[in-house]
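Structure data follow from structure21.txt (compact mmCIF, C-alpha atoms and all ligand atoms):
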```
# COMPACT_ATOMS: atom_id res chain seq x y z
CA MET Y 1008 -3.83 -19.72 -0.62
CA ARG Y 1009 -3.28 -17.92 2.69
CA GLU Y 1010 -5.77 -18.76 5.42
CA LEU Y 1011 -7.58 -15.52 6.22
CA HIS Y 1012 -10.43 -16.89 8.30
CA GLY Y 1013 -10.14 -15.14 11.66
CA ALA Y 1014 -7.13 -13.11 10.50
CA ALA Y 1015 -6.78 -9.54 11.78
CA VAL Y 1016 -6.19 -7.06 8.97
CA LEU Y 1017 -5.24 -3.38 9.25
CA ILE Y 1018 -5.87 -1.19 6.19
CA THR Y 1019 -4.74 2.42 5.86
CA GLY Y 1020 -6.83 4.46 3.45
CA GLY Y 1021 -9.49 1.84 4.11
CA ALA Y 1022 -12.38 4.30 4.01
CA SER Y 1023 -12.47 4.59 0.22
CA GLY Y 1024 -11.47 3.17 -3.15
CA ILE Y 1025 -8.88 0.42 -3.22
CA GLY Y 1026 -8.56 0.17 0.58
CA ALA Y 1027 -12.31 -0.23 1.10
CA ALA Y 1028 -12.45 -2.83 -1.70
CA PHE Y 1029 -9.60 -4.75 -0.05
CA ALA Y 1030 -11.45 -4.58 3.28
CA ARG Y 1031 -14.55 -6.08 1.65
CA ALA Y 1032 -12.49 -8.78 -0.10
CA VAL Y 1033 -10.70 -9.97 3.06
CA THR Y 1034 -13.91 -9.80 5.09
CA ALA Y 1035 -15.54 -12.07 2.50
CA ARG Y 1036 -12.79 -14.59 3.32
CA GLY Y 1037 -13.51 -14.44 7.03
CA ALA Y 1038 -10.97 -11.84 8.14
CA ARG Y 1039 -11.67 -9.06 10.64
CA VAL Y 1040 -10.67 -5.55 9.68
CA VAL Y 1041 -9.53 -2.28 11.18
CA LEU Y 1042 -9.78 0.68 8.84
CA ALA Y 1043 -7.32 3.50 9.47
CA ASP Y 1044 -8.09 6.70 7.63
CA LEU Y 1045 -8.39 10.47 7.93
CA ASP Y 1046 -11.98 10.37 6.71
CA GLU Y 1047 -14.03 9.55 9.81
CA ALA Y 1048 -17.48 9.55 8.22
CA ALA Y 1049 -16.58 7.24 5.35
CA GLY Y 1050 -14.39 5.06 7.59
CA GLU Y 1051 -17.12 4.55 10.16
CA THR Y 1052 -19.60 3.70 7.39
CA VAL Y 1053 -17.40 1.04 5.78
CA ALA Y 1054 -16.44 -0.37 9.19
CA ALA Y 1055 -20.12 -0.67 10.17
CA GLU Y 1056 -20.91 -2.38 6.85
CA LEU Y 1057 -18.18 -4.96 7.47
CA GLY Y 1058 -18.57 -5.42 11.21
CA GLY Y 1059 -15.05 -4.02 11.60
CA ARG Y 1060 -13.44 -1.14 13.45
CA PHE Y 1061 -12.43 2.35 12.40
CA VAL Y 1062 -9.49 4.25 13.87
CA ARG Y 1063 -8.95 7.84 12.83
CA THR Y 1064 -5.39 7.83 11.55
CA ASP Y 1065 -3.13 10.26 9.78
CA VAL Y 1066 -0.43 8.07 8.22
CA ARG Y 1067 1.95 11.06 8.26
CA ARG Y 1068 2.14 10.63 12.03
CA PRO Y 1069 4.07 7.61 13.35
CA GLU Y 1070 2.17 7.75 16.63
CA ASP Y 1071 -1.14 7.37 14.75
CA LEU Y 1072 0.11 4.23 13.03
CA ALA Y 1073 1.34 2.80 16.33
CA ALA Y 1074 -2.12 3.50 17.78
CA ALA Y 1075 -3.84 1.81 14.81
CA VAL Y 1076 -1.70 -1.31 15.29
CA ALA Y 1077 -2.43 -1.28 19.02
CA ALA Y 1078 -6.16 -0.91 18.32
CA THR Y 1079 -6.05 -3.93 16.01
CA GLU Y 1080 -4.33 -6.11 18.61
CA GLU Y 1081 -6.73 -4.85 21.27
CA ALA Y 1082 -9.77 -5.64 19.12
CA TYR Y 1083 -8.70 -8.99 17.70
CA GLY Y 1084 -5.73 -10.11 19.80
CA ARG Y 1085 -3.35 -10.14 16.86
CA LEU Y 1086 -2.25 -8.59 13.57
CA ASP Y 1087 -1.77 -10.81 10.53
CA LEU Y 1088 -2.00 -8.63 7.44
CA VAL Y 1089 -1.38 -4.93 6.85
CA HIS Y 1090 -2.37 -2.99 3.77
CA LEU Y 1091 -0.46 0.31 3.73
CA ASN Y 1092 -2.57 1.95 1.11
CA ALA Y 1093 -3.37 5.57 2.02
CA GLY Y 1094 -2.01 7.97 -0.56
CA LEU Y 1095 -2.68 10.89 -2.83
CA GLY Y 1096 -1.46 12.67 -5.95
CA SER Y 1097 0.30 16.03 -6.13
CA GLY Y 1098 -1.24 17.43 -9.30
CA MET Y 1099 1.75 19.70 -9.89
CA THR Y 1100 5.02 19.87 -11.79
CA LEU Y 1101 8.43 21.22 -10.84
CA GLY Y 1102 7.59 24.38 -12.77
CA GLU Y 1103 5.93 27.54 -11.56
CA ASP Y 1104 3.09 25.64 -9.92
CA PHE Y 1105 5.52 23.82 -7.60
CA ASP Y 1106 4.59 24.20 -3.96
CA PRO Y 1107 7.15 22.78 -1.49
CA GLU Y 1108 4.51 22.40 1.21
CA ARG Y 1109 2.26 20.30 -1.01
CA TYR Y 1110 5.29 18.27 -2.04
CA ARG Y 1111 6.10 17.55 1.61
CA LEU Y 1112 2.48 16.52 2.23
CA LEU Y 1113 2.70 14.08 -0.69
CA VAL Y 1114 5.94 12.48 0.49
CA ASP Y 1115 4.67 12.40 4.07
CA ALA Y 1116 1.60 10.41 3.08
CA ASN Y 1117 2.89 8.28 0.19
CA VAL Y 1118 6.38 7.43 1.49
CA HIS Y 1119 6.57 8.18 5.20
CA GLY Y 1120 3.10 6.67 5.69
CA VAL Y 1121 4.45 3.35 4.43
CA VAL Y 1122 7.71 3.62 6.39
CA PHE Y 1123 5.89 4.45 9.63
CA GLY Y 1124 3.33 1.73 8.91
CA VAL Y 1125 5.92 -1.00 8.42
CA HIS Y 1126 7.81 0.13 11.53
CA ALA Y 1127 4.64 0.12 13.64
CA ALA Y 1128 3.38 -3.23 12.32
CA LEU Y 1129 6.54 -5.34 12.56
CA PRO Y 1130 6.48 -6.11 16.31
CA ALA Y 1131 2.80 -7.11 16.12
CA LEU Y 1132 3.35 -9.28 13.03
CA ARG Y 1133 6.26 -10.96 14.82
CA ARG Y 1134 4.05 -11.56 17.88
CA ALA Y 1135 1.54 -13.25 15.53
CA GLY Y 1136 4.30 -15.55 14.28
CA GLY Y 1137 4.60 -13.86 10.88
CA GLY Y 1138 2.28 -12.22 8.41
CA ALA Y 1139 2.04 -10.11 5.29
CA ILE Y 1140 2.41 -6.46 4.35
CA VAL Y 1141 1.04 -5.01 1.12
CA ALA Y 1142 2.00 -1.44 0.24
CA THR Y 1143 0.01 0.26 -2.47
CA ALA Y 1144 2.52 1.84 -4.84
CA SER Y 1145 1.32 2.36 -8.41
CA LEU Y 1146 2.17 1.47 -11.98
CA SER Y 1147 3.92 4.83 -11.85
CA GLY Y 1148 6.20 3.30 -9.24
CA LEU Y 1149 7.65 1.31 -12.13
CA THR Y 1150 7.13 3.52 -15.15
CA PRO Y 1151 7.50 7.24 -15.84
CA PHE Y 1152 4.36 9.32 -15.20
CA PRO Y 1153 4.89 12.74 -16.81
CA GLY Y 1154 1.45 13.82 -15.58
CA ASP Y 1155 2.62 13.84 -11.95
CA PRO Y 1156 6.38 13.30 -11.66
CA LEU Y 1157 6.42 13.88 -7.90
CA TYR Y 1158 3.74 11.23 -7.39
CA ALA Y 1159 5.80 8.86 -9.58
CA ALA Y 1160 8.91 9.58 -7.50
CA SER Y 1161 7.03 8.83 -4.27
CA LYS Y 1162 5.71 5.55 -5.65
CA HIS Y 1163 9.15 4.51 -6.98
CA ALA Y 1164 10.34 5.02 -3.39
CA VAL Y 1165 7.69 2.58 -2.15
CA VAL Y 1166 8.74 -0.06 -4.70
CA GLY Y 1167 12.41 0.34 -3.73
CA LEU Y 1168 11.57 0.10 -0.04
CA VAL Y 1169 9.51 -3.06 -0.49
CA ARG Y 1170 12.14 -4.79 -2.63
CA SER Y 1171 14.87 -3.89 -0.17
CA LEU Y 1172 13.01 -4.99 2.96
CA ALA Y 1173 11.93 -8.44 1.78
CA GLU Y 1174 15.14 -10.27 2.63
CA SER Y 1175 15.38 -9.05 6.21
CA LEU Y 1176 11.69 -9.70 6.94
CA ALA Y 1177 11.84 -13.29 5.67
CA ALA Y 1178 13.54 -14.46 8.87
CA ASP Y 1179 10.36 -13.54 10.79
CA GLY Y 1180 8.00 -15.13 8.27
CA ILE Y 1181 6.80 -11.74 7.06
CA THR Y 1182 6.22 -11.11 3.36
CA ILE Y 1183 6.03 -7.66 1.79
CA THR Y 1184 4.57 -6.73 -1.59
CA ALA Y 1185 4.23 -3.55 -3.63
CA LEU Y 1186 0.90 -3.26 -5.41
CA CYS Y 1187 1.29 -1.42 -8.72
CA PRO Y 1188 -2.09 -0.73 -10.32
CA GLY Y 1189 -2.71 1.43 -13.34
CA PHE Y 1190 -5.47 4.05 -13.29
CA THR Y 1191 -8.34 2.85 -11.12
CA ASP Y 1192 -11.86 4.17 -10.90
CA THR Y 1193 -11.82 5.64 -7.38
CA PRO Y 1194 -12.43 9.10 -5.93
CA LEU Y 1195 -8.71 9.81 -6.48
CA VAL Y 1196 -9.18 9.90 -10.25
CA ALA Y 1197 -12.79 11.12 -10.21
CA PRO Y 1198 -11.82 14.56 -11.57
CA PHE Y 1199 -10.44 12.87 -14.70
CA ALA Y 1200 -13.01 10.07 -15.06
CA GLY Y 1201 -14.87 11.89 -17.85
CA ALA Y 1202 -11.67 12.46 -19.81
CA PHE Y 1203 -10.71 8.79 -19.45
CA ARG Y 1204 -14.14 7.72 -20.67
CA ALA Y 1205 -14.10 10.17 -23.59
CA ALA Y 1206 -10.70 8.84 -24.66
CA GLY Y 1207 -11.88 5.22 -24.36
CA PHE Y 1208 -9.14 4.65 -21.77
CA PRO Y 1209 -10.01 1.59 -19.66
CA LEU Y 1210 -9.91 2.04 -15.90
CA LEU Y 1211 -9.46 -0.76 -13.38
CA THR Y 1212 -12.13 -1.21 -10.74
CA ALA Y 1213 -11.10 -1.02 -7.10
CA GLU Y 1214 -12.34 -4.62 -6.77
CA GLU Y 1215 -9.93 -5.81 -9.48
CA VAL Y 1216 -7.05 -4.15 -7.66
CA ALA Y 1217 -8.15 -5.68 -4.34
CA ASP Y 1218 -8.29 -9.12 -5.98
CA ALA Y 1219 -4.75 -8.61 -7.29
CA ALA Y 1220 -3.57 -7.68 -3.79
CA LEU Y 1221 -5.11 -10.89 -2.47
CA ALA Y 1222 -3.51 -12.90 -5.29
CA ALA Y 1223 -0.16 -11.45 -4.25
CA VAL Y 1224 -0.73 -12.37 -0.60
CA ASP Y 1225 -1.93 -15.85 -1.57
CA GLY Y 1226 1.09 -16.32 -3.82
CA GLY Y 1227 3.34 -16.03 -0.77
CA GLY Y 1228 6.15 -14.24 -2.62
CA SER Y 1229 8.02 -11.33 -1.10
CA GLY Y 1230 9.79 -8.28 -2.45
CA GLU Y 1231 7.55 -8.41 -5.51
CA ALA Y 1232 5.94 -5.50 -7.34
CA TRP Y 1233 2.59 -6.67 -8.70
CA VAL Y 1234 1.50 -5.02 -11.93
CA VAL Y 1235 -2.26 -4.65 -12.25
CA GLN Y 1236 -3.68 -3.53 -15.58
CA PRO Y 1237 -7.11 -3.76 -17.19
CA GLY Y 1238 -7.70 -7.00 -19.10
CA ARG Y 1239 -4.48 -8.64 -17.93
CA THR Y 1240 -3.81 -11.15 -15.21
CA ALA Y 1241 -2.00 -9.43 -12.35
CA GLU Y 1242 1.55 -10.68 -11.87
CA PRO Y 1243 4.89 -9.69 -10.36
CA TYR Y 1244 6.88 -7.31 -12.53
CA ARG Y 1245 9.93 -9.04 -14.01
CA PHE Y 1246 12.74 -6.57 -13.53
CA ARG Y 1247 15.21 -7.01 -16.39
CA GLY Y 1248 18.71 -5.75 -16.96
CA VAL Y 1249 19.33 -5.03 -13.29
CA PRO Y 1250 20.27 -7.62 -10.70
CA GLY Y 1251 17.35 -8.88 -8.63
CA PRO Y 1252 17.79 -9.82 -4.97
CA ALA Y 1253 18.52 -13.46 -5.84
CA GLU Y 1254 21.26 -12.79 -8.37
CA HIS Y 1255 22.62 -9.73 -6.59
CA GLN Y 1256 26.35 -10.01 -6.19
CA ALA Y 1257 26.52 -10.04 -2.42
CA PRO Y 1258 28.51 -7.13 -1.04
CA PRO Y 1259 30.77 -7.73 1.95
CA GLU Y 1260 28.89 -8.48 5.17
CA SER Y 1261 30.12 -5.22 6.74
CA VAL Y 1262 28.44 -3.26 3.93
CA ARG Y 1263 25.26 -5.34 4.09
CA SER Y 1264 24.94 -4.79 7.81
CA GLY Y 1265 25.92 -1.15 7.57
CA ASP Y 1266 28.89 -1.62 9.94
CA GLY Y 1267 31.37 -0.58 7.29
CA VAL Y 1268 29.58 2.56 6.21
CA ARG Y 1269 28.48 4.21 9.44
N1 LIG P 1301 -6.87 5.41 -8.26
C1 LIG P 1301 -5.80 5.19 -9.00
O1 LIG P 1301 -5.77 5.38 -10.22
C2 LIG P 1301 -4.56 4.63 -8.35
C3 LIG P 1301 -3.61 3.98 -9.17
C4 LIG P 1301 -2.45 3.49 -8.57
C5 LIG P 1301 -2.25 3.61 -7.22
N2 LIG P 1301 -3.19 4.25 -6.47
C6 LIG P 1301 -2.91 4.35 -5.04
O2 LIG P 1301 -3.91 3.63 -4.35
C7 LIG P 1301 -4.02 4.13 -3.02
C8 LIG P 1301 -5.47 4.29 -2.68
O3 LIG P 1301 -6.01 5.29 -3.53
P1 LIG P 1301 -7.49 5.25 -4.09
O4 LIG P 1301 -7.40 5.33 -5.57
O5 LIG P 1301 -8.27 4.15 -3.47
O6 LIG P 1301 -7.97 6.70 -3.62
P2 LIG P 1301 -9.10 7.16 -2.60
O7 LIG P 1301 -8.97 8.65 -2.60
O8 LIG P 1301 -10.40 6.53 -2.95
O9 LIG P 1301 -8.62 6.56 -1.21
C9 LIG P 1301 -7.52 7.07 -0.52
C10 LIG P 1301 -7.84 7.04 0.96
O10 LIG P 1301 -6.65 7.43 1.66
C11 LIG P 1301 -7.04 8.31 2.69
N3 LIG P 1301 -5.91 9.15 3.06
C12 LIG P 1301 -5.29 10.09 2.32
N4 LIG P 1301 -4.31 10.68 3.03
C13 LIG P 1301 -4.31 10.06 4.24
C14 LIG P 1301 -3.54 10.22 5.43
N5 LIG P 1301 -2.56 11.14 5.51
N6 LIG P 1301 -3.80 9.43 6.48
C15 LIG P 1301 -4.79 8.50 6.42
N7 LIG P 1301 -5.56 8.32 5.35
C16 LIG P 1301 -5.33 9.10 4.27
C17 LIG P 1301 -8.20 9.11 2.13
O11 LIG P 1301 -8.98 9.70 3.15
C18 LIG P 1301 -8.95 8.04 1.35
O12 LIG P 1301 -9.92 7.39 2.14
C19 LIG P 1301 -3.19 5.41 -2.99
O13 LIG P 1301 -1.93 5.13 -2.38
C20 LIG P 1301 -3.01 5.75 -4.45
O14 LIG P 1301 -1.84 6.50 -4.68
C21 LIG P 1301 -4.35 4.74 -6.98
```

In structure tokens, how does this file's structure come out?
Ligand SMILES: NC(=O)c1ccc[n+]([C@@H]2O[C@H](COP(=O)([O-])OP(=O)(O)OC[C@H]3O[C@@H](n4cnc5c(N)ncnc54)[C@H](O)[C@@H]3O)[C@@H](O)[C@H]2O)c1
Amino acid sequence: MRELHGAAVLITGGASGIGAAFARAVTARGARVVLADLDEAAGETVAAELGGRFVRTDVRRPEDLAAAVAATEEAYGRLDLVHLNAGLGSGMTLGEDFDPERYRLLVDANVHGVVFGVHAALPALRRAGGGAIVATASLSGLTPFPGDPLYAASKHAVVGLVRSLAESLAADGITITALCPGFTDTPLVAPFAGAFRAAGFPLLTAEEVADAALAAVDGGGSGEAWVVQPGRTAEPYRFRGVPGPAEHQAPPESVRSGDGVR
């Protein structure tokens, strides 16, 4: 189990749902939190409840994520754990309802928000002597989601990013995990909550997803995609039929480093 007492934790999308539940879960283990979110009212409320800080952050802006990391170090002197969790759905197809602007907003938040977050956090995590990053992807980062294919594409990107970064971060003692929950009872799915209930479709609670994120951090693995589903113990997805990092046939060093392809 990772020691979280006194740890400094930065959570994007921490004002609501899964991020707020994660903030409560780490605070219960003695960590100190900074919540980074667009929603100032909700963020300030959760921060006050937990004795933490709120920093208004738009994860689509790299400078906002750099400021959130700086605010965490300023408040607590360090950064140990980052939950890159802010995200949203698109609610559209590639048919007549497709709106390129909304698509860009989705990718900006769901993909670029994680990329900018990792980039901003790495120097601080290194200064702390190592740490952990959890990126909230989704079950639809592993499986098809015909209901929102663009959302699924953005979450697949997060899973691919996490799996690809793990090896290079290991040298600095930094782990990275993709969290892949199924449908969870948060404001994000509130418009469909009645339909889920009517169909007898079980939803996860945000607390169950937060517990799974902590189990992943405690497990100490890296490059894993943790599947979280109702009634099942959360665990890393076992990719089959494709080479995993360990059994990957190593390409030449020039290709691995990029020297041979630039
Ligand atoms: N609820 C689900 O069924 C479900 C399932 C799998 C994955 N997820 C993922 O979990 C994450 C959290 O979602 P949730 O269900 O808790 O939803 P939520 O709507 O309760 O919380 C999302 C939070 O992210 C914030 N946010 C959105 N865009 C932002 C931006 N650009 N900058 C900063 N903050 C921003 C919102 O203000 C909100 O507080 C998302 O990445 C979502 O895709 C949700």

Which protein, DNA or RNA residues are at most 12 Å from (-14.9, -12.7, -3.3) in the file's coordinates when you count all atoms listed in the file, listed as a list of chain:residue names?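 Residues found, by chain and rising number: Y:Ala1028, Y:Phe1029, Y:Ala1030, Y:Arg1031, Y:Ala1032, Y:Val1033, Y:Thr1034, Y:Ala1035, Y:Arg1036, Y:Gly1037, Y:Glu1214, Y:Glu1215, Y:Ala1217, Y:Asp1218, Y:Ala1219, Y:Leu1221, Y:Ala1222.
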
Export C-alpha atoms of the chosen residues as a compact mmCIF listing (two decimals), in the coordinates of the input?
```
# COMPACT_ATOMS: atom_id res chain seq x y z
CA ALA Y 1028 -12.45 -2.83 -1.70
CA PHE Y 1029 -9.60 -4.75 -0.05
CA ALA Y 1030 -11.45 -4.58 3.28
CA ARG Y 1031 -14.55 -6.08 1.65
CA ALA Y 1032 -12.49 -8.78 -0.10
CA VAL Y 1033 -10.70 -9.97 3.06
CA THR Y 1034 -13.91 -9.80 5.09
CA ALA Y 1035 -15.54 -12.07 2.50
CA ARG Y 1036 -12.79 -14.59 3.32
CA GLY Y 1037 -13.51 -14.44 7.03
CA GLU Y 1214 -12.34 -4.62 -6.77
CA GLU Y 1215 -9.93 -5.81 -9.48
CA ALA Y 1217 -8.15 -5.68 -4.34
CA ASP Y 1218 -8.29 -9.12 -5.98
CA ALA Y 1219 -4.75 -8.61 -7.29
CA LEU Y 1221 -5.11 -10.89 -2.47
CA ALA Y 1222 -3.51 -12.90 -5.29
```

Residues within 7 Å of ligand LIG 1301 (chain P) (all atoms listed in the file), as a PyMOL selection string? chain Y and resi 1019-1026+1043-1046+1064-1067+1092-1096+1116-1117+1143-1146+1187-1196+1213

Pairwise distance for CA of Asp1087 in chain Y and CA of Ala1015 in chain Y, rounded to one decimal in Å: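 Result for CA of Asp1087 in chain Y versus CA of Ala1015 in chain Y: 5.3 Å, one decimal.
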
Would you mind reading off the distance between CA of Leu1172 in chain Y and CA of Gly1228 in chain Y, one decimal, in Å? 12.8 Å

Spatial neighbours of Ala1073 in chain Y, 8 Å, all atoms listed in the file, chain gap at least 4 places, as a PyMOL selection string: chain Y and resi 1069+1077+1124+1127-1128

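Taking CA of Val1041 in chain Y and CA of Leu1011 in chain Y as endpoints, the distance between them is 14.3 Å.
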
Contacts of Arg1060 in chain Y within 12 Å, only C-alpha atoms, excl. fewer than 5 positions in-chain, as JSON, numbers by chain: {"Y": [1015, 1016, 1017, 1018, 1021, 1022, 1030, 1039, 1040, 1041, 1042, 1043, 1044, 1047, 1050, 1051, 1052, 1053, 1054, 1055, 1075, 1076, 1078, 1079, 1080, 1081, 1082, 1083]}

Hey, what's within 10 Å of range 1149-1154 of chain Y if we count all atoms listed in the file and toss same-chain stuff fewer than 3 positions away? As a PyMOL selection string, please? chain Y and resi 1097-1100+1144-1146+1157-1160+1162-1164+1166-1167+1187+1232+1234+1244+1246

Among listed residues Y:Ile1140, Y:Met1008, Y:Leu1112, Y:Val1235, nearest Ile1181 in chain Y (using only C-alpha atoms):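 Of Y:Ile1140, Y:Met1008, Y:Leu1112, Y:Val1235, the one nearest Ile1181 in chain Y is Y:Ile1140, counting only C-alpha atoms.
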
Just add N, CA and C atoms to range 1135-1155 of chain Y and send it as a tab-separated table (two decimals), keeping the file's coordinate frame.
```
chain	number	residue	atom	x	y	z
Y	1135	ALA	N	2.52	-12.32	16.13
Y	1135	ALA	CA	1.54	-13.25	15.53
Y	1135	ALA	C	2.24	-14.44	14.86
Y	1136	GLY	N	3.57	-14.44	14.88
Y	1136	GLY	CA	4.30	-15.55	14.28
Y	1136	GLY	C	4.55	-15.37	12.80
Y	1137	GLY	N	4.38	-14.16	12.31
Y	1137	GLY	CA	4.60	-13.86	10.88
Y	1137	GLY	C	3.35	-13.25	10.29
Y	1138	GLY	N	3.43	-12.83	9.05
Y	1138	GLY	CA	2.28	-12.22	8.41
Y	1138	GLY	C	2.66	-11.60	7.08
Y	1139	ALA	N	1.82	-10.68	6.62
Y	1139	ALA	CA	2.04	-10.11	5.29
Y	1139	ALA	C	1.77	-8.60	5.33
Y	1140	ILE	N	2.58	-7.90	4.54
Y	1140	ILE	CA	2.41	-6.46	4.35
Y	1140	ILE	C	2.23	-6.22	2.86
Y	1141	VAL	N	1.21	-5.46	2.52
Y	1141	VAL	CA	1.04	-5.01	1.12
Y	1141	VAL	C	1.07	-3.49	1.15
Y	1142	ALA	N	1.95	-2.90	0.34
Y	1142	ALA	CA	2.00	-1.44	0.24
Y	1142	ALA	C	1.48	-1.06	-1.14
Y	1143	THR	N	0.50	-0.17	-1.17
Y	1143	THR	CA	0.01	0.26	-2.47
Y	1143	THR	C	0.97	1.30	-3.04
Y	1144	ALA	N	1.69	0.90	-4.08
Y	1144	ALA	CA	2.52	1.84	-4.84
Y	1144	ALA	C	1.65	2.30	-6.00
Y	1145	SER	N	2.07	1.98	-7.21
Y	1145	SER	CA	1.32	2.36	-8.41
Y	1145	SER	C	2.10	1.84	-9.61
Y	1146	LEU	N	1.42	1.76	-10.75
Y	1146	LEU	CA	2.17	1.47	-11.98
Y	1146	LEU	C	3.24	2.54	-12.18
Y	1147	SER	N	2.94	3.75	-11.72
Y	1147	SER	CA	3.92	4.83	-11.85
Y	1147	SER	C	5.00	4.75	-10.77
Y	1148	GLY	N	5.03	3.63	-10.05
Y	1148	GLY	CA	6.20	3.30	-9.24
Y	1148	GLY	C	7.20	2.49	-10.04
Y	1149	LEU	N	6.79	2.12	-11.27
Y	1149	LEU	CA	7.65	1.31	-12.13
Y	1149	LEU	C	7.93	2.00	-13.46
Y	1150	THR	N	7.02	2.88	-13.84
Y	1150	THR	CA	7.13	3.52	-15.15
Y	1150	THR	C	7.12	5.04	-14.96
Y	1151	PRO	N	7.60	5.78	-15.95
Y	1151	PRO	CA	7.50	7.24	-15.84
Y	1151	PRO	C	6.04	7.68	-15.88
Y	1152	PHE	N	5.71	8.75	-15.16
Y	1152	PHE	CA	4.36	9.32	-15.20
Y	1152	PHE	C	4.52	10.83	-15.35
Y	1153	PRO	N	4.66	11.31	-16.59
Y	1153	PRO	CA	4.89	12.74	-16.81
Y	1153	PRO	C	3.78	13.61	-16.24
Y	1154	GLY	N	2.57	13.04	-16.09
Y	1154	GLY	CA	1.45	13.82	-15.58
Y	1154	GLY	C	1.62	14.25	-14.13
Y	1155	ASP	N	2.41	13.50	-13.36
Y	1155	ASP	CA	2.62	13.84	-11.95
Y	1155	ASP	C	3.96	13.24	-11.51
```
